[in-house]
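J.: Okay, so here is structure-v4.txt, and as you'll see once you scroll down, it has compact mmCIF, C-alpha atoms.
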# COMPACT_ATOMS: atom_id res chain seq x y z
CA MET A 1 64.01 36.88 139.12
CA LYS A 2 62.81 40.04 137.39
CA VAL A 3 60.10 42.15 139.02
CA TYR A 4 58.61 45.24 137.42
CA MET A 5 57.04 47.65 139.93
CA ASP A 6 57.31 50.92 138.00
CA ASN A 7 53.84 50.91 136.45
CA SER A 8 53.27 54.61 137.10
CA ALA A 9 56.05 55.22 134.57
CA THR A 10 54.69 52.82 131.97
CA THR A 11 52.95 49.46 131.79
CA GLN A 12 53.26 46.14 129.99
CA MET A 13 50.98 46.05 126.98
CA ASP A 14 48.07 43.67 127.42
CA LYS A 15 47.93 40.81 124.90
CA ALA A 16 44.38 41.77 123.91
CA VAL A 17 45.61 45.28 123.06
CA LEU A 18 48.43 44.02 120.85
CA LYS A 19 46.12 41.58 119.07
CA ALA A 20 43.64 44.36 118.27
CA MET A 21 46.38 46.64 116.93
CA LEU A 22 48.25 44.23 114.63
CA PRO A 23 45.93 44.40 111.57
CA TYR A 24 46.36 48.17 111.40
CA PHE A 25 50.10 47.87 110.80
CA ASN A 26 50.13 45.61 107.72
CA LYS A 27 46.57 45.02 106.47
CA GLN A 28 44.23 47.89 107.31
CA TYR A 29 46.96 50.53 107.18
CA GLY A 30 45.06 53.25 105.31
CA ASN A 31 45.17 56.94 106.20
CA ALA A 32 41.96 57.84 108.03
CA SER A 33 41.72 61.05 105.98
CA SER A 34 41.80 59.25 102.63
CA LEU A 35 38.53 58.87 100.71
CA HIS A 36 39.15 55.42 99.25
CA GLN A 37 38.05 52.13 100.83
CA MET A 38 41.16 51.59 102.95
CA GLY A 39 40.93 55.15 104.20
CA ARG A 40 37.26 54.69 105.09
CA GLU A 41 38.07 51.48 106.97
CA ALA A 42 40.74 53.31 108.96
CA ARG A 43 38.32 56.15 109.71
CA LYS A 44 35.70 53.68 110.91
CA ALA A 45 38.21 52.07 113.28
CA LEU A 46 39.37 55.45 114.54
CA GLU A 47 35.86 56.66 115.28
CA LYS A 48 34.95 53.41 117.02
CA ALA A 49 38.01 53.81 119.21
CA ARG A 50 37.01 57.40 119.97
CA SER A 51 33.49 56.30 120.89
CA ASP A 52 34.73 53.42 123.06
CA ILE A 53 37.02 55.72 125.03
CA ALA A 54 34.32 58.37 125.38
CA LYS A 55 31.95 55.85 126.95
CA THR A 56 34.41 55.07 129.75
CA ILE A 57 34.14 58.65 131.08
CA ASN A 58 30.55 59.39 129.95
CA ALA A 59 31.67 61.83 127.27
CA ASP A 60 30.46 62.35 123.72
CA PRO A 61 32.79 60.98 121.00
CA GLU A 62 33.39 64.43 119.49
CA GLU A 63 34.71 65.58 122.87
CA ILE A 64 37.69 63.19 122.63
CA ILE A 65 40.76 64.67 120.92
CA PHE A 66 43.52 62.16 120.24
CA THR A 67 47.06 63.36 121.07
CA SER A 68 50.51 61.81 121.40
CA GLY A 69 50.06 61.33 125.16
CA GLY A 70 49.48 63.02 128.49
CA THR A 71 52.17 65.66 128.01
CA GLU A 72 50.69 66.92 124.75
CA SER A 73 47.19 66.82 126.23
CA ASP A 74 48.32 68.95 129.17
CA ASN A 75 50.05 71.41 126.87
CA LEU A 76 47.03 71.71 124.59
CA ALA A 77 44.70 72.21 127.55
CA LEU A 78 46.67 75.00 129.22
CA LYS A 79 48.08 76.80 126.21
CA GLY A 80 44.95 76.27 124.12
CA VAL A 81 42.67 77.74 126.78
CA ALA A 82 45.09 80.61 127.43
CA ALA A 83 45.14 81.49 123.72
CA ALA A 84 41.36 81.35 123.31
CA ASN A 85 40.15 83.19 126.41
CA GLN A 86 40.47 86.68 127.85
CA GLY A 87 42.17 86.80 131.19
CA LYS A 88 45.75 86.28 132.30
CA HIS A 89 45.47 84.19 135.45
CA ILE A 90 45.79 80.40 135.85
CA ILE A 91 45.67 78.41 139.08
CA THR A 92 47.40 75.07 139.57
CA SER A 93 49.06 73.21 142.46
CA LYS A 94 52.63 72.81 143.65
CA ILE A 95 52.62 69.05 143.01
CA GLU A 96 51.60 68.85 139.35
CA HIS A 97 53.31 66.76 136.67
CA PRO A 98 56.25 68.42 134.85
CA ALA A 99 54.03 68.82 131.74
CA ILE A 100 51.78 71.19 133.70
CA MET A 101 54.59 72.92 135.59
CA SER A 102 56.58 73.54 132.40
CA SER A 103 53.52 74.79 130.50
CA CYS A 104 52.76 77.19 133.33
CA ASN A 105 56.36 78.39 133.29
CA THR A 106 56.11 79.09 129.56
CA LEU A 107 52.82 80.97 130.00
CA SER A 108 54.27 83.02 132.87
CA LYS A 109 56.97 84.27 130.47
CA GLN A 110 54.16 85.38 128.16
CA GLY A 111 52.62 87.57 130.83
CA TYR A 112 50.26 85.14 132.57
CA LYS A 113 50.05 85.11 136.35
CA ILE A 114 50.32 81.59 137.73
CA THR A 115 49.13 80.79 141.26
CA TYR A 116 50.44 77.56 142.79
CA LEU A 117 48.20 76.14 145.50
CA ASN A 118 49.65 74.65 148.66
CA VAL A 119 49.06 71.04 149.68
CA ASP A 120 48.90 69.55 153.16
CA SER A 121 51.27 66.91 154.56
CA CYS A 122 49.22 64.23 152.76
CA GLY A 123 49.51 65.97 149.40
CA ILE A 124 45.89 67.23 149.20
CA VAL A 125 45.27 70.70 147.78
CA ASP A 126 43.99 73.55 149.94
CA LEU A 127 40.39 74.20 148.83
CA LYS A 128 40.06 77.37 150.89
CA GLN A 129 43.12 78.81 149.20
CA LEU A 130 41.72 77.85 145.79
CA GLU A 131 38.52 79.80 146.31
CA LYS A 132 40.41 82.73 147.79
CA GLU A 133 42.83 82.95 144.83
CA ILE A 134 40.18 83.04 142.08
CA THR A 135 39.77 86.51 140.58
CA LYS A 136 37.86 88.06 137.69
CA ASP A 137 41.01 87.51 135.60
CA THR A 138 41.17 83.74 136.29
CA ILE A 139 40.51 81.67 133.17
CA LEU A 140 41.55 78.16 134.23
CA VAL A 141 42.17 75.93 137.23
CA SER A 142 44.30 72.82 136.53
CA ILE A 143 44.58 70.25 139.32
CA MET A 144 45.63 66.62 138.75
CA ALA A 145 43.09 63.94 139.64
CA ALA A 146 45.74 61.83 141.41
CA ASN A 147 49.41 62.44 141.98
CA ASN A 148 51.93 60.41 140.02
CA GLU A 149 54.58 60.27 142.77
CA MET A 150 52.74 59.55 146.03
CA GLY A 151 49.26 58.65 144.78
CA ALA A 152 47.10 61.20 146.59
CA ILE A 153 43.61 61.39 145.04
CA GLN A 154 42.45 64.99 144.90
CA PRO A 155 38.89 66.15 145.78
CA ILE A 156 38.03 66.73 142.12
CA GLU A 157 34.29 67.10 142.74
CA ASP A 158 34.84 69.86 145.30
CA ILE A 159 37.35 71.62 143.05
CA SER A 160 34.91 71.48 140.14
CA GLU A 161 32.11 72.96 142.26
CA ILE A 162 34.30 75.89 143.24
CA CYS A 163 35.26 76.49 139.61
CA LYS A 164 31.64 76.39 138.43
CA LYS A 165 30.60 78.74 141.22
CA HIS A 166 33.07 81.30 139.93
CA GLU A 167 32.56 80.49 136.22
CA VAL A 168 36.16 79.37 135.72
CA LEU A 169 37.21 76.48 133.43
CA PHE A 170 38.52 73.34 135.15
CA HIS A 171 41.14 71.00 133.72
CA THR A 172 42.39 67.84 135.40
CA ASP A 173 45.38 65.70 134.50
CA ALA A 174 43.88 62.23 135.00
CA VAL A 175 46.74 60.28 133.44
CA GLN A 176 47.37 58.28 136.63
CA ALA A 177 43.74 58.13 137.79
CA PHE A 178 42.13 57.01 134.51
CA THR A 179 40.50 53.54 134.91
CA LYS A 180 41.74 53.28 138.53
CA VAL A 181 39.28 55.89 139.83
CA PRO A 182 35.69 56.23 138.50
CA ILE A 183 35.45 59.44 136.46
CA ASP A 184 32.20 60.73 134.97
CA VAL A 185 32.99 64.03 133.26
CA LYS A 186 29.35 65.07 133.14
CA GLU A 187 28.64 64.26 136.78
CA LEU A 188 31.87 65.95 137.91
CA ASN A 189 31.35 68.87 135.50
CA ILE A 190 34.90 68.69 134.14
CA ASP A 191 35.75 70.98 131.21
CA LEU A 192 39.03 69.41 130.09
CA MET A 193 40.79 66.19 131.08
CA SER A 194 44.08 64.57 130.01
CA ILE A 195 44.41 60.79 129.75
CA SER A 196 47.09 58.45 128.40
CA SER A 197 47.28 54.94 126.97
CA HIS A 198 50.60 53.54 128.16
CA LYS A 199 49.67 53.91 131.85
CA ILE A 200 46.81 51.41 131.42
CA HIS A 201 48.50 48.58 129.46
CA GLY A 202 48.04 50.26 126.09
CA PRO A 203 50.62 51.49 123.56
CA LYS A 204 52.96 54.42 124.09
CA GLY A 205 52.64 57.52 121.95
CA ILE A 206 48.91 58.09 122.22
CA GLY A 207 46.63 59.85 124.67
CA ALA A 208 43.62 62.08 124.55
CA LEU A 209 42.25 65.37 125.77
CA PHE A 210 38.60 65.51 126.72
CA VAL A 211 37.23 68.91 125.74
CA LYS A 212 33.69 69.64 126.87
CA LYS A 213 31.40 70.98 124.15
CA GLY A 214 31.45 74.76 124.08
CA THR A 215 34.85 75.11 125.76
CA LYS A 216 36.94 77.83 124.13
CA ILE A 217 40.29 76.35 123.14
CA LYS A 218 42.75 77.11 120.33
CA ARG A 219 44.85 74.56 118.46
CA GLN A 220 48.58 74.65 119.23
CA MET A 221 49.89 72.83 116.16
CA ASP A 222 49.41 74.04 112.59
CA GLY A 223 48.55 71.65 109.77
CA GLY A 224 45.43 69.91 108.51
CA GLY A 225 41.98 69.86 110.02
CA HIS A 226 42.39 66.61 111.95
CA GLU A 227 40.78 65.96 115.35
CA PHE A 228 38.01 68.53 114.93
CA LYS A 229 40.64 71.09 113.90
CA LEU A 230 42.32 70.95 117.32
CA ARG A 231 45.25 68.60 116.66
CA ALA A 232 46.84 68.49 113.21
CA GLY A 233 48.61 65.38 111.93
CA THR A 234 47.78 61.99 110.45
CA GLU A 235 45.89 60.00 113.05
CA ASN A 236 47.61 57.05 114.73
CA VAL A 237 44.86 54.53 114.02
CA ALA A 238 46.62 51.41 115.32
CA SER A 239 47.42 53.05 118.65
CA ALA A 240 43.95 54.57 118.94
CA VAL A 241 42.49 51.10 118.54
CA GLY A 242 44.85 49.75 121.19
CA PHE A 243 44.09 52.66 123.53
CA ALA A 244 40.37 51.95 123.29
CA VAL A 245 40.83 48.26 124.08
CA ALA A 246 43.05 49.10 127.07
CA ALA A 247 40.55 51.65 128.37
CA ASN A 248 37.83 49.02 128.44
CA LEU A 249 39.80 46.20 130.07
CA ASP A 250 39.03 45.21 133.65
CA PRO A 251 41.53 47.35 135.65
CA LYS A 252 41.59 44.78 138.50
CA VAL A 253 41.50 47.56 141.10
CA LYS A 254 40.53 45.25 143.98
CA GLN A 255 43.33 42.81 143.16
CA ILE A 256 45.93 45.57 142.93
CA LYS A 257 44.65 47.23 146.11
CA GLU A 258 45.11 44.00 148.06
CA LEU A 259 48.72 43.74 146.86
CA GLN A 260 49.31 47.41 147.71
CA GLU A 261 48.03 47.00 151.28
CA GLU A 262 50.12 43.85 151.73
CA LEU A 263 53.26 45.58 150.44
CA ILE A 264 52.79 48.56 152.76
CA LYS A 265 52.14 46.28 155.72
CA ARG A 266 55.18 44.11 155.04
CA ILE A 267 57.57 47.03 154.53
CA GLU A 268 56.41 48.77 157.69
CA TYR A 269 56.78 45.55 159.68
CA ASP A 270 60.21 44.55 158.37
CA ILE A 271 62.03 47.90 158.11
CA LYS A 272 62.52 50.60 160.76
CA ASP A 273 62.89 54.37 160.37
CA ILE A 274 60.60 54.71 157.36
CA LYS A 275 57.45 56.64 156.56
CA LEU A 276 54.71 56.15 153.99
CA ASN A 277 54.39 59.31 151.90
CA GLY A 278 50.87 60.42 151.02
CA PRO A 279 47.49 59.36 152.39
CA ARG A 280 46.68 55.82 153.45
CA LYS A 281 43.07 55.86 152.27
CA GLN A 282 42.66 58.63 149.68
CA ARG A 283 45.31 56.99 147.51
CA LEU A 284 45.61 55.33 144.11
CA CYS A 285 45.33 51.54 144.36
CA ASN A 286 48.75 50.90 142.80
CA ASN A 287 50.98 53.50 144.48
CA VAL A 288 53.40 52.89 147.38
CA ASN A 289 55.89 55.65 148.21
CA PHE A 290 58.23 55.38 151.22
CA SER A 291 60.98 57.55 152.67
CA PHE A 292 63.90 55.59 154.14
CA LYS A 293 65.84 57.44 156.79
CA PHE A 294 69.67 57.64 156.50
CA ILE A 295 69.93 56.47 152.88
CA GLU A 296 69.74 57.88 149.37
CA GLY A 297 66.91 56.79 147.08
CA GLU A 298 68.93 56.45 143.89
CA ALA A 299 71.46 54.16 145.59
CA LEU A 300 68.55 52.06 146.82
CA LEU A 301 67.10 51.99 143.30
CA MET A 302 70.38 50.90 141.71
CA LEU A 303 71.02 48.08 144.20
CA LEU A 304 67.47 46.80 143.77
CA ASP A 305 67.95 46.99 140.02
CA GLN A 306 70.91 44.64 140.39
CA LYS A 307 68.46 42.22 142.02
CA GLY A 308 66.15 42.51 139.00
CA ILE A 309 63.66 44.83 140.75
CA CYS A 310 62.47 47.83 138.74
CA ILE A 311 61.19 50.77 140.79
CA SER A 312 61.43 54.57 140.68
CA THR A 313 62.51 57.50 142.81
CA GLY A 314 59.53 59.54 141.57
CA SER A 315 58.18 60.78 138.27
CA ALA A 316 59.83 59.16 135.24
CA CYS A 317 59.68 62.54 133.50
CA ALA A 318 61.92 64.06 136.19
CA SER A 319 63.94 61.02 137.29
CA LYS A 320 67.23 62.24 135.78
CA SER A 321 67.13 65.38 137.90
CA LEU A 322 69.33 65.47 141.02
CA GLU A 323 66.93 67.90 142.66
CA PRO A 324 64.72 66.58 145.48
CA SER A 325 61.13 65.81 144.53
CA HIS A 326 59.09 69.01 144.24
CA VAL A 327 56.07 66.96 145.28
CA LEU A 328 57.55 65.74 148.58
CA ILE A 329 59.11 69.14 149.33
CA SER A 330 55.69 70.76 148.84
CA MET A 331 54.30 68.31 151.41
CA GLY A 332 56.75 69.60 153.99
CA ILE A 333 59.29 66.78 153.74
CA ASP A 334 62.89 67.98 154.18
CA PRO A 335 65.26 67.64 151.18
CA VAL A 336 67.47 64.94 152.74
CA THR A 337 64.51 62.71 153.59
CA SER A 338 63.02 63.42 150.18
CA HIS A 339 66.20 62.09 148.56
CA GLY A 340 65.65 58.87 150.50
CA SER A 341 62.26 58.18 148.92
CA ILE A 342 61.30 55.53 146.39
CA ARG A 343 58.07 54.63 144.62
CA PHE A 344 56.68 51.18 143.96
CA SER A 345 53.79 51.16 141.49
CA LEU A 346 51.86 47.95 140.93
CA SER A 347 49.78 46.47 138.14
CA LYS A 348 47.44 43.53 137.57
CA PHE A 349 50.45 41.52 136.40
CA ASN A 350 52.26 41.63 139.76
CA THR A 351 52.03 38.62 142.09
CA ARG A 352 52.44 37.83 145.78
CA ARG A 353 55.55 35.80 144.94
CA GLU A 354 57.06 38.94 143.44
CA LEU A 355 56.02 40.91 146.50
CA ASP A 356 57.84 38.43 148.76
CA TYR A 357 60.97 38.76 146.63
CA VAL A 358 60.83 42.57 146.71
CA VAL A 359 60.36 42.88 150.47
CA ARG A 360 63.12 40.37 151.23
CA ASN A 361 65.63 42.14 149.01
CA LEU A 362 64.50 45.62 150.04
CA LYS A 363 65.22 44.83 153.70
CA GLU A 364 68.65 43.45 152.81
CA VAL A 365 69.59 46.44 150.65
CA VAL A 366 68.34 49.03 153.15
CA GLU A 367 70.40 47.42 155.92
CA LYS A 368 73.47 47.38 153.66
CA LEU A 369 73.13 51.04 152.72
CA ARG A 370 72.53 52.13 156.30
CA ARG A 371 75.74 50.43 157.41
CA MET A 372 77.55 52.55 154.79
CA SER A 373 75.52 55.75 155.30
CA PRO A 374 77.31 59.02 156.21
CA PHE A 375 73.94 60.32 157.46
CA LYS A 376 73.57 57.74 160.19
CA GLY A 377 73.15 59.43 163.54
CA ASP A 378 72.46 62.83 162.00
CA LYS A 379 70.05 64.48 164.41
CA ASP A 380 68.84 66.92 161.76
CA ILE A 381 67.16 64.15 159.77
CA LYS A 382 63.74 63.83 161.32
CA ILE A 383 60.58 62.05 160.26
CA LYS A 384 57.74 63.91 161.94
CA GLU A 385 55.18 61.14 162.18
CA LYS A 386 52.36 63.21 163.67
CA GLU A 387 52.60 65.82 160.92
CA TRP A 388 52.72 63.12 158.25
CA GLU A 389 49.88 60.99 159.58
CA CYS A 390 47.31 60.77 156.81
Can you turn what I pasted into structure tokens?

T.:
Amino acid sequence: MKVYMDNSATTQMDKAVLKAMLPYFNKQYGNASSLHQMGREARKALEKARSDIAKTINADPEEIIFTSGGTESDNLALKGVAAANQGKHIITSKIEHPAIMSSCNTLSKQGYKITYLNVDSCGIVDLKQLEKEITKDTILVSIMAANNEMGAIQPIEDISEICKKHEVLFHTDAVQAFTKVPIDVKELNIDLMSISSHKIHGPKGIGALFVKKGTKIKRQMDGGGHEFKLRAGTENVASAVGFAVAANLDPKVKQIKELQEELIKRIEYDIKDIKLNGPRKQRLCNNVNFSFKFIEGEALLMLLDQKGICISTGSACASKSLEPSHVLISMGIDPVTSHGSIRFSLSKFNTRRELDYVVRNLKEVVEKLRRMSPFKGDKDIKIKEKEWEC
């Protein structure tokens, strides 16, 4: 049996998405910048896709800038705002996606001061610290809408209010939250927001950056005047069409949430010496992240893979690193316990039969690894339940 529970890394493309895309590969394959009939047809499809995506977040179509995905959107947001605005201070959190962390690292080498906000043991940012750290030199606050590793949903509305109070731009990486959490960019007063297609059963290689009208931002790629002069390059019409279809599919949040709660319940009942990482309630519907005492997460992943179960030890963009998760470390989890953490991420295509198979094999593999573990009996490995209770 093969079970895919790594949907925070990428998702299976929905059949409706593929069907909508196919004509734009071999029939309506014109360049959307061309003036002839095929070009005009491509442009019409592109703009419809832009409009359809804009509606899902209550944005205007011209505020949607197509990119190659969440990473490019994050880079454009941070570097574009930094290049277009006076001020050398940016605030983010310690648990952001590598696209944000790496962009901040690059900007710091260019003379920008980067402040990294703390998070509590549940992975929620410190709002008091945010307000305290804002200065006259602050140009941007970038906080993800929901964390990709342990699923914590951030208080975006409160963060936005603080930013508006101090007249600072607010960007949120909503790649994981998009379609799973209701987001109205006007109601939440968001200035910039990154979203991606392949996390919601759409194609890889396309995403978008919402840029609120009037926001000062500078293009980061030279070329033609595509995407309102903010992102040069021939538009990926087929993928834009697929992205729009995916964005408007029923996300099946209730169905996924029921599976998530069942998975958490079953794991906690069947396996001892574990702890759920992140909040129980303020959490993405598809995310389940556990630390398993006395064992190493990558060994657990590999043995489950042999059983046909696909999971992750954290962010796919950092999964080849041997370093402990910066997200879990920032939450106060010790490095050894952090190495014993794995993430299950569900989708509408998962079933209860698959869940049964996963829990049964997980219990077996954990017991096997613990019998072999050199950490067993190590008194220094502690799971502080009271501090982690969310």

J.: Need the shell around Val365 in chain A: protein/DNA/RNA residues with any atom at most 8 Å away, counting all atoms listed in the file. Skip same-chain ones fewer than 2 positions apart. Format as a VMD selection string?

T.: chain A and resid 300 303 to 304 361 to 363 367 to 369

J.: Write out, as a tab-separated table (two decimals), keeping the file's coordinate frame, the residues just selected, with C-alpha atoms.

T.:
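For reference, result39.tsv as written:
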chain	number	residue	atom	x	y	z
A	300	LEU	CA	68.55	52.06	146.82
A	303	LEU	CA	71.02	48.08	144.20
A	304	LEU	CA	67.47	46.80	143.77
A	361	ASN	CA	65.63	42.14	149.01
A	362	LEU	CA	64.50	45.62	150.04
A	363	LYS	CA	65.22	44.83	153.70
A	367	GLU	CA	70.40	47.42	155.92
A	368	LYS	CA	73.47	47.38	153.66
A	369	LEU	CA	73.13	51.04	152.72

J.: Work out how far apart CA of Glu47 in chain A and CA of Thr67 in chain A are and give it in Å to one decimal.

T.: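 Those two atoms sit 14.3 Å apart.
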
J.: Near Pro279 in chain A, counting all atoms listed in the file, which residues have an atom at most 10 Å away, once you skip same-chain residues fewer than 6 positions from it, shown as a list in words?

T.: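 Non-adjacent residues within range: Ser121, Cys122, Gly123, Ile124, Met150, Gly151, Ala152, Ile153, Trp388, Glu389 and Cys390 of chain A.
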
J.: Would you pick out the contacts of range 163-176 of chain A at 8 Å or less, using all atoms listed in the file, so that residues sharing its chain but fewer than 4 positions from it are not included, and give the list as an mmCIF file with C-alpha atoms, in the frame of the given file?

T.:
data_model
loop_
_atom_site.group_PDB
_atom_site.id
_atom_site.type_symbol
_atom_site.label_atom_id
_atom_site.label_comp_id
_atom_site.auth_asym_id
_atom_site.auth_seq_id
_atom_site.Cartn_x
_atom_site.Cartn_y
_atom_site.Cartn_z
ATOM 1 C CA SER A 8 53.270 54.610 137.100
ATOM 2 C CA GLY A 70 49.480 63.020 128.490
ATOM 3 C CA ASP A 74 48.320 68.950 129.170
ATOM 4 C CA ALA A 77 44.700 72.210 127.550
ATOM 5 C CA ILE A 134 40.180 83.040 142.080
ATOM 6 C CA THR A 138 41.170 83.740 136.290
ATOM 7 C CA ILE A 139 40.510 81.670 133.170
ATOM 8 C CA LEU A 140 41.550 78.160 134.230
ATOM 9 C CA VAL A 141 42.170 75.930 137.230
ATOM 10 C CA SER A 142 44.300 72.820 136.530
ATOM 11 C CA ILE A 143 44.580 70.250 139.320
ATOM 12 C CA MET A 144 45.630 66.620 138.750
ATOM 13 C CA ALA A 145 43.090 63.940 139.640
ATOM 14 C CA ALA A 146 45.740 61.830 141.410
ATOM 15 C CA ASN A 147 49.410 62.440 141.980
ATOM 16 C CA ASN A 148 51.930 60.410 140.020
ATOM 17 C CA ILE A 159 37.350 71.620 143.050
ATOM 18 C CA LYS A 180 41.740 53.280 138.530
ATOM 19 C CA ILE A 190 34.900 68.690 134.140
ATOM 20 C CA ASP A 191 35.750 70.980 131.210
ATOM 21 C CA LEU A 192 39.030 69.410 130.090
ATOM 22 C CA MET A 193 40.790 66.190 131.080
ATOM 23 C CA SER A 194 44.080 64.570 130.010
ATOM 24 C CA ILE A 195 44.410 60.790 129.750
ATOM 25 C CA SER A 196 47.090 58.450 128.400
ATOM 26 C CA LYS A 199 49.670 53.910 131.850
#

J.: Identify which of the residues A:Val327, A:Val336, A:Ala59, A:Met38 lies closest to Ser93 in chain A, counting all atoms listed in the file when measuring atom-to-atom distances.

T.: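 Under the stated criterion, the closest residue is A:Val327.
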
J.: Quick one: distance from CA of Val245 in chain A to CA of Lys186 in chain A in Å, one decimal?

T.: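 Interatomic distance here is 22.3 Å.
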
J.: For Leu46 in chain A, which residue out of A:Gly69, A:Gly111, A:Gly242, A:Pro98 is the nearest one, using only C-alpha atoms?

T.: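 Among the listed residues, A:Gly242 lies closest to Leu46 in chain A.
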
J.: What is the CA of Ala20 in chain A to CA of His198 in chain A distance in Å?

T.: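 Computed distance, CA of Ala20 in chain A to CA of His198 in chain A, equals 15.2 Å.
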